[in-house]
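Only one structure is covered here, and it is reproduced in the block below.
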Amino acid sequence: MALMHEPTAPYHSAQDALRVLETVARHTAGITDTELARRTCLGPERLTALLRMLRREGYVEQVTDGAYVTGAALSRLGSAQHRERALRDKLQLTLVRLRDSVGAAVYLSRYVDGEVKVTQYADSPATPAVNEWVDFRSCAHATAVGKSLLTQLDHNARRDHLSRHKMARLTSRTITSDRLLLSRLESQPPTVPVLDLQEYAVGTVCAAVPITAGSSVGCLALSLPVTHAYRLRQAADALNRNAAPVLLSLAI
């Protein structure tokens with residue numbers, strides 16, 4: 001399966017954060033921000049923002065002399081015996097934080113073995129999840145999640161997926177023409193959130209942003225009731241800006 005992914009801002013942030021984290025990990029006695037800036041070649045503002053994010057996520061800690069050392073979250077993910085559980089727990093905490101910051105239900109999805117899979121999500125009574133009235137695996141053409149994942153595949157992989165899943169009309173807004181859908185997927189900029197404006201379910205709008213790392217295709221998405229549609233683009237932009245911690249957790 002070939003990918004059509006172009007690096008996005010969260011991807012670059014995650015890469016820079018990983019570079020900082022690797023540098024901290026090599027200095028078990030601690031390393032100052034001045035030395036970190038010299039060794040990573042990152043500007044002061046950029047480094048400060050990355051260290052703030054790494055501290056918030058528990059990947060680094062600042063000790064009494066101001067130096068940085070690796071944090072508890074990194075130790076948990078570094079344990080091969082419990083890595084899968086630790087990663088799932090870490091991602092869930094991040095999704096909950098994203099849910100609260102964007103004011104919407106948030107979803108983590110992957111494209112696994114040719115199928116769309118929502119692997120984790122965070123909702124609440126105030127931010128309810130989408131009612132999965134049709135299996136997400138069979139309606140990638142109608143969901144922001146599915147379309148975001150498909151945009152990250154090459155043309156042949158997209159056609160293969162659509163050949164295995166009939167493009168059923170779920171609402172009056174659902175695209176059922178494979179030619180039209182493929183054209184839209186082809187022209188979708190990787191840095192712009194993919195939207196679902198009541199294409200999957202009447203009364204719900206959604207947005208998704210790519211979080212591809214290496215050969216693994218994934219996305220972050222959010223959903224809102226249509227009465228909050230006026231917040232969709234702003235919430236989607238916020239989701240995109242804050243996607244780096246998810247990418248970082250997947251990369252460690």
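Each chain in the structure tokens gets a letter, A, B and so on, in the order shown; residues start at 1 in every chain, and ligands are counted from 1 in the order they appear.
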Residues of region 24-226 of chain A in strand (DSSP E or B), written as a short mmCIF file (atom, residue, chain, number, x, y, z; two decimals) with N, CA, C and O atoms, in the first residue's frame:
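Wrote result_39.cif, looks like this:
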data_model
loop_
_atom_site.label_atom_id
_atom_site.label_comp_id
_atom_site.auth_asym_id
_atom_site.auth_seq_id
_atom_site.Cartn_x
_atom_site.Cartn_y
_atom_site.Cartn_z
N ILE A 31 20.08 17.89 31.69
CA ILE A 31 20.64 18.80 30.68
C ILE A 31 19.85 20.11 30.72
O ILE A 31 18.62 20.10 30.84
N VAL A 60 9.24 14.60 30.11
CA VAL A 60 10.43 15.15 30.77
C VAL A 60 10.00 15.82 32.07
O VAL A 60 8.84 16.19 32.24
N GLU A 61 10.95 15.95 32.98
CA GLU A 61 10.74 16.65 34.25
C GLU A 61 11.90 17.62 34.45
O GLU A 61 13.00 17.39 33.95
N GLN A 62 11.62 18.69 35.18
CA GLN A 62 12.67 19.66 35.50
C GLN A 62 13.07 19.46 36.95
O GLN A 62 12.22 19.49 37.85
N TYR A 68 16.80 19.30 32.78
CA TYR A 68 15.72 18.41 32.38
C TYR A 68 16.18 16.96 32.38
O TYR A 68 17.30 16.65 31.93
N VAL A 69 15.31 16.08 32.88
CA VAL A 69 15.55 14.63 32.85
C VAL A 69 14.30 13.97 32.30
O VAL A 69 13.24 14.59 32.20
N THR A 70 14.40 12.71 31.93
CA THR A 70 13.24 12.00 31.39
C THR A 70 12.20 11.79 32.49
O THR A 70 12.52 11.66 33.67
N ALA A 105 -16.35 15.66 21.12
CA ALA A 105 -15.88 14.28 21.19
C ALA A 105 -14.72 14.11 20.22
O ALA A 105 -14.75 14.65 19.11
N VAL A 106 -13.69 13.37 20.64
CA VAL A 106 -12.46 13.23 19.84
C VAL A 106 -12.19 11.74 19.61
O VAL A 106 -12.40 10.91 20.50
N TYR A 107 -11.70 11.42 18.41
CA TYR A 107 -11.50 10.03 18.00
C TYR A 107 -10.09 9.84 17.42
O TYR A 107 -9.58 10.70 16.71
N LEU A 108 -9.50 8.69 17.70
CA LEU A 108 -8.24 8.27 17.09
C LEU A 108 -8.56 7.09 16.18
O LEU A 108 -9.15 6.10 16.64
N SER A 109 -8.20 7.21 14.92
CA SER A 109 -8.53 6.16 13.95
C SER A 109 -7.28 5.74 13.17
O SER A 109 -6.37 6.54 12.97
N ARG A 110 -7.29 4.48 12.72
CA ARG A 110 -6.18 3.95 11.93
C ARG A 110 -6.73 3.21 10.72
O ARG A 110 -7.89 2.75 10.73
N TYR A 111 -5.91 3.08 9.70
CA TYR A 111 -6.25 2.25 8.55
C TYR A 111 -5.46 0.97 8.69
O TYR A 111 -4.24 0.95 8.51
N VAL A 112 -6.15 -0.11 9.08
CA VAL A 112 -5.49 -1.37 9.43
C VAL A 112 -5.96 -2.49 8.51
O VAL A 112 -7.17 -2.76 8.43
N GLU A 115 -8.82 -1.60 6.23
CA GLU A 115 -10.10 -1.22 6.82
C GLU A 115 -9.95 -0.01 7.75
O GLU A 115 -8.91 0.18 8.38
N VAL A 116 -11.02 0.78 7.83
CA VAL A 116 -11.10 1.91 8.75
C VAL A 116 -11.41 1.38 10.14
O VAL A 116 -12.33 0.59 10.33
N LYS A 117 -10.62 1.83 11.12
CA LYS A 117 -10.83 1.35 12.49
C LYS A 117 -10.68 2.51 13.47
O LYS A 117 -9.64 3.16 13.51
N VAL A 118 -11.75 2.80 14.23
CA VAL A 118 -11.66 3.77 15.32
C VAL A 118 -11.10 3.03 16.51
O VAL A 118 -11.75 2.14 17.07
N THR A 119 -9.88 3.36 16.91
CA THR A 119 -9.19 2.59 17.95
C THR A 119 -9.47 3.11 19.36
O THR A 119 -9.49 2.35 20.31
N GLN A 120 -9.67 4.43 19.50
CA GLN A 120 -9.97 5.01 20.80
C GLN A 120 -10.77 6.30 20.60
O GLN A 120 -10.68 6.92 19.54
N TYR A 121 -11.51 6.67 21.63
CA TYR A 121 -12.21 7.95 21.56
C TYR A 121 -12.45 8.47 22.97
O TYR A 121 -12.37 7.72 23.95
N ALA A 122 -12.71 9.76 23.07
CA ALA A 122 -13.02 10.39 24.35
C ALA A 122 -14.26 11.24 24.16
O ALA A 122 -14.28 12.14 23.31
N LEU A 153 -3.77 7.55 1.21
CA LEU A 153 -3.42 6.41 0.37
C LEU A 153 -3.18 6.89 -1.06
O LEU A 153 -3.60 7.98 -1.44
N VAL A 194 -10.34 17.50 6.88
CA VAL A 194 -11.42 16.93 6.07
C VAL A 194 -12.72 17.07 6.87
O VAL A 194 -12.75 16.79 8.06
N LEU A 195 -13.78 17.50 6.19
CA LEU A 195 -15.04 17.74 6.87
C LEU A 195 -16.12 16.74 6.45
O LEU A 195 -16.10 16.22 5.34
N ASP A 196 -17.03 16.48 7.35
CA ASP A 196 -18.25 15.70 7.09
C ASP A 196 -19.41 16.57 7.58
O ASP A 196 -19.61 16.72 8.79
N LEU A 197 -20.14 17.15 6.64
CA LEU A 197 -21.25 18.04 6.98
C LEU A 197 -22.57 17.29 6.80
O LEU A 197 -23.22 17.39 5.76
N THR A 204 -25.25 15.77 12.72
CA THR A 204 -23.86 15.69 13.19
C THR A 204 -22.89 16.18 12.12
O THR A 204 -23.04 15.85 10.95
N VAL A 205 -21.90 16.98 12.55
CA VAL A 205 -20.82 17.40 11.66
C VAL A 205 -19.51 16.94 12.28
O VAL A 205 -19.38 16.84 13.49
N CYS A 206 -18.54 16.64 11.42
CA CYS A 206 -17.27 16.09 11.89
C CYS A 206 -16.10 16.70 11.11
O CYS A 206 -16.29 17.25 10.02
N ALA A 207 -14.91 16.58 11.67
CA ALA A 207 -13.68 17.01 11.00
C ALA A 207 -12.57 16.05 11.39
O ALA A 207 -12.59 15.48 12.49
N ALA A 208 -11.59 15.86 10.49
CA ALA A 208 -10.48 14.95 10.77
C ALA A 208 -9.19 15.51 10.20
O ALA A 208 -9.20 16.17 9.16
N VAL A 209 -8.08 15.23 10.90
CA VAL A 209 -6.76 15.67 10.46
C VAL A 209 -5.83 14.46 10.46
O VAL A 209 -5.96 13.57 11.31
N PRO A 210 -4.90 14.38 9.51
CA PRO A 210 -4.00 13.22 9.43
C PRO A 210 -2.97 13.20 10.53
O PRO A 210 -2.47 14.24 10.96
N ALA A 213 2.39 8.49 10.71
CA ALA A 213 3.77 8.38 11.17
C ALA A 213 4.38 7.17 10.47
O ALA A 213 3.95 6.04 10.67
N SER A 216 2.36 3.97 8.83
CA SER A 216 1.08 3.77 9.50
C SER A 216 0.16 4.96 9.23
O SER A 216 0.51 6.10 9.51
N GLY A 218 -3.12 7.15 9.93
CA GLY A 218 -4.05 7.42 11.01
C GLY A 218 -4.62 8.82 10.93
O GLY A 218 -4.20 9.63 10.10
N CYS A 219 -5.58 9.10 11.78
CA CYS A 219 -6.13 10.46 11.84
C CYS A 219 -6.76 10.71 13.20
O CYS A 219 -7.11 9.78 13.92
N LEU A 220 -6.85 11.98 13.52
CA LEU A 220 -7.59 12.45 14.69
C LEU A 220 -8.85 13.11 14.17
O LEU A 220 -8.81 13.82 13.16
N ALA A 221 -9.96 12.90 14.85
CA ALA A 221 -11.21 13.49 14.38
C ALA A 221 -12.02 14.00 15.56
O ALA A 221 -11.75 13.66 16.72
N LEU A 222 -13.00 14.84 15.25
CA LEU A 222 -13.93 15.33 16.27
C LEU A 222 -15.32 15.38 15.68
O LEU A 222 -15.50 15.42 14.45
N SER A 223 -16.32 15.35 16.54
CA SER A 223 -17.71 15.45 16.09
C SER A 223 -18.45 16.46 16.94
O SER A 223 -18.16 16.63 18.14
N LEU A 224 -19.42 17.13 16.32
CA LEU A 224 -20.24 18.13 17.00
C LEU A 224 -21.68 18.00 16.54
O LEU A 224 -21.92 17.63 15.37
N PRO A 225 -22.62 18.30 17.39
CA PRO A 225 -24.01 18.39 16.91
C PRO A 225 -24.13 19.53 15.91
O PRO A 225 -23.39 20.52 16.01
#
Please report, as an MDAnalysis selection string, each residue of region 8-251 of chain A to which DSSP assigns helix (DSSP H, G or I) when run on this structure's backbone.
chainID A and resid 9:26 33:40 44:56 72:78 80:102 136:138 140:142 144:151 155:164 178:187 226:241 244:251
Using only C-alpha atoms, find the one residue out of A:Gln234, A:Thr176, A:Thr40, A:Asn240 that sits nearest to Gly103 (chain A).
A:Gln234
Between CA of Ala73 (chain A) and CA of Ala25 (chain A), measure the distance and give it in Å to one decimal.
12.7 Å
Exercise: region 41-53 of chain A partners within 10 Å, only C-alpha atoms, chain neighbours under 5 positions left out, as a list in words
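Counting only the stated atoms, we get Ser13, Ala14, Asp16, Ala17, Leu18, Arg19, Val20, Leu21, Asp33, Thr34, Glu35, Leu36, Gly58, Tyr59, Val60, Glu61, Gln62, Tyr68, Asn242, Ala244 and Pro245 of chain A.
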Just-selected residues, N, CA and C atoms written as a PDB file, in the first residue's frame:
ATOM      1  N   SER A  13       6.358  19.087  14.484  1.00  0.00           N
ATOM      2  CA  SER A  13       6.453  19.332  15.925  1.00  0.00           C
ATOM      3  C   SER A  13       6.821  18.056  16.670  1.00  0.00           C
ATOM      4  N   ALA A  14       6.189  16.953  16.281  1.00  0.00           N
ATOM      5  CA  ALA A  14       6.481  15.672  16.923  1.00  0.00           C
ATOM      6  C   ALA A  14       7.918  15.248  16.664  1.00  0.00           C
ATOM      7  N   ASP A  16      10.483  17.252  16.072  1.00  0.00           N
ATOM      8  CA  ASP A  16      11.360  18.109  16.879  1.00  0.00           C
ATOM      9  C   ASP A  16      11.304  17.701  18.345  1.00  0.00           C
ATOM     10  N   ALA A  17      10.102  17.388  18.849  1.00  0.00           N
ATOM     11  CA  ALA A  17       9.954  16.971  20.239  1.00  0.00           C
ATOM     12  C   ALA A  17      10.702  15.670  20.492  1.00  0.00           C
ATOM     13  N   LEU A  18      10.661  14.773  19.524  1.00  0.00           N
ATOM     14  CA  LEU A  18      11.369  13.502  19.653  1.00  0.00           C
ATOM     15  C   LEU A  18      12.880  13.746  19.720  1.00  0.00           C
ATOM     16  N   ARG A  19      13.343  14.713  18.936  1.00  0.00           N
ATOM     17  CA  ARG A  19      14.770  15.047  18.951  1.00  0.00           C
ATOM     18  C   ARG A  19      15.179  15.588  20.330  1.00  0.00           C
ATOM     19  N   VAL A  20      14.335  16.440  20.882  1.00  0.00           N
ATOM     20  CA  VAL A  20      14.609  16.976  22.218  1.00  0.00           C
ATOM     21  C   VAL A  20      14.603  15.849  23.247  1.00  0.00           C
ATOM     22  N   LEU A  21      13.617  14.982  23.160  1.00  0.00           N
ATOM     23  CA  LEU A  21      13.480  13.886  24.122  1.00  0.00           C
ATOM     24  C   LEU A  21      14.665  12.935  24.049  1.00  0.00           C
ATOM     25  N   ASP A  33      18.353  23.874  29.393  1.00  0.00           N
ATOM     26  CA  ASP A  33      17.732  24.297  28.135  1.00  0.00           C
ATOM     27  C   ASP A  33      18.752  24.944  27.204  1.00  0.00           C
ATOM     28  N   THR A  34      19.760  25.598  27.773  1.00  0.00           N
ATOM     29  CA  THR A  34      20.808  26.209  26.943  1.00  0.00           C
ATOM     30  C   THR A  34      21.572  25.143  26.173  1.00  0.00           C
ATOM     31  N   GLU A  35      21.921  24.068  26.864  1.00  0.00           N
ATOM     32  CA  GLU A  35      22.640  22.972  26.215  1.00  0.00           C
ATOM     33  C   GLU A  35      21.732  22.242  25.219  1.00  0.00           C
ATOM     34  N   LEU A  36      20.455  22.119  25.571  1.00  0.00           N
ATOM     35  CA  LEU A  36      19.503  21.495  24.651  1.00  0.00           C
ATOM     36  C   LEU A  36      19.397  22.289  23.350  1.00  0.00           C
ATOM     37  N   GLY A  58       4.341  14.491  30.491  1.00  0.00           N
ATOM     38  CA  GLY A  58       5.059  13.631  31.417  1.00  0.00           C
ATOM     39  C   GLY A  58       6.291  12.964  30.845  1.00  0.00           C
ATOM     40  N   TYR A  59       6.769  13.454  29.692  1.00  0.00           N
ATOM     41  CA  TYR A  59       7.933  12.829  29.060  1.00  0.00           C
ATOM     42  C   TYR A  59       9.256  13.375  29.603  1.00  0.00           C
ATOM     43  N   VAL A  60       9.243  14.603  30.112  1.00  0.00           N
ATOM     44  CA  VAL A  60      10.430  15.152  30.771  1.00  0.00           C
ATOM     45  C   VAL A  60      10.001  15.817  32.069  1.00  0.00           C
ATOM     46  N   GLU A  61      10.953  15.952  32.985  1.00  0.00           N
ATOM     47  CA  GLU A  61      10.741  16.650  34.250  1.00  0.00           C
ATOM     48  C   GLU A  61      11.897  17.616  34.454  1.00  0.00           C
ATOM     49  N   GLN A  62      11.621  18.694  35.180  1.00  0.00           N
ATOM     50  CA  GLN A  62      12.667  19.661  35.496  1.00  0.00           C
ATOM     51  C   GLN A  62      13.067  19.462  36.952  1.00  0.00           C
ATOM     52  N   TYR A  68      16.805  19.303  32.781  1.00  0.00           N
ATOM     53  CA  TYR A  68      15.717  18.410  32.384  1.00  0.00           C
ATOM     54  C   TYR A  68      16.181  16.964  32.378  1.00  0.00           C
ATOM     55  N   ASN A 242      -2.945  20.736  17.985  1.00  0.00           N
ATOM     56  CA  ASN A 242      -2.613  19.978  19.194  1.00  0.00           C
ATOM     57  C   ASN A 242      -2.457  18.483  18.948  1.00  0.00           C
ATOM     58  N   ALA A 244       0.269  16.983  17.833  1.00  0.00           N
ATOM     59  CA  ALA A 244       1.648  16.529  18.001  1.00  0.00           C
ATOM     60  C   ALA A 244       1.832  15.525  19.150  1.00  0.00           C
ATOM     61  N   PRO A 245       1.197  15.726  20.320  1.00  0.00           N
ATOM     62  CA  PRO A 245       1.395  14.745  21.399  1.00  0.00           C
ATOM     63  C   PRO A 245       0.938  13.332  21.035  1.00  0.00           C
TER      64      PRO A 245
END
Near-Leu181 (chain A) list (9 Å; only C-alpha atoms; drop same-chain fewer than 5 positions) as an MDAnalysis selection string:
chainID A and resid 141 147 175:176 186
Counting only C-alpha atoms, the residue of A:Gly203, A:Leu150, A:Trp133, A:Arg164 that sits nearest His228 (chain A)
A:Gly203
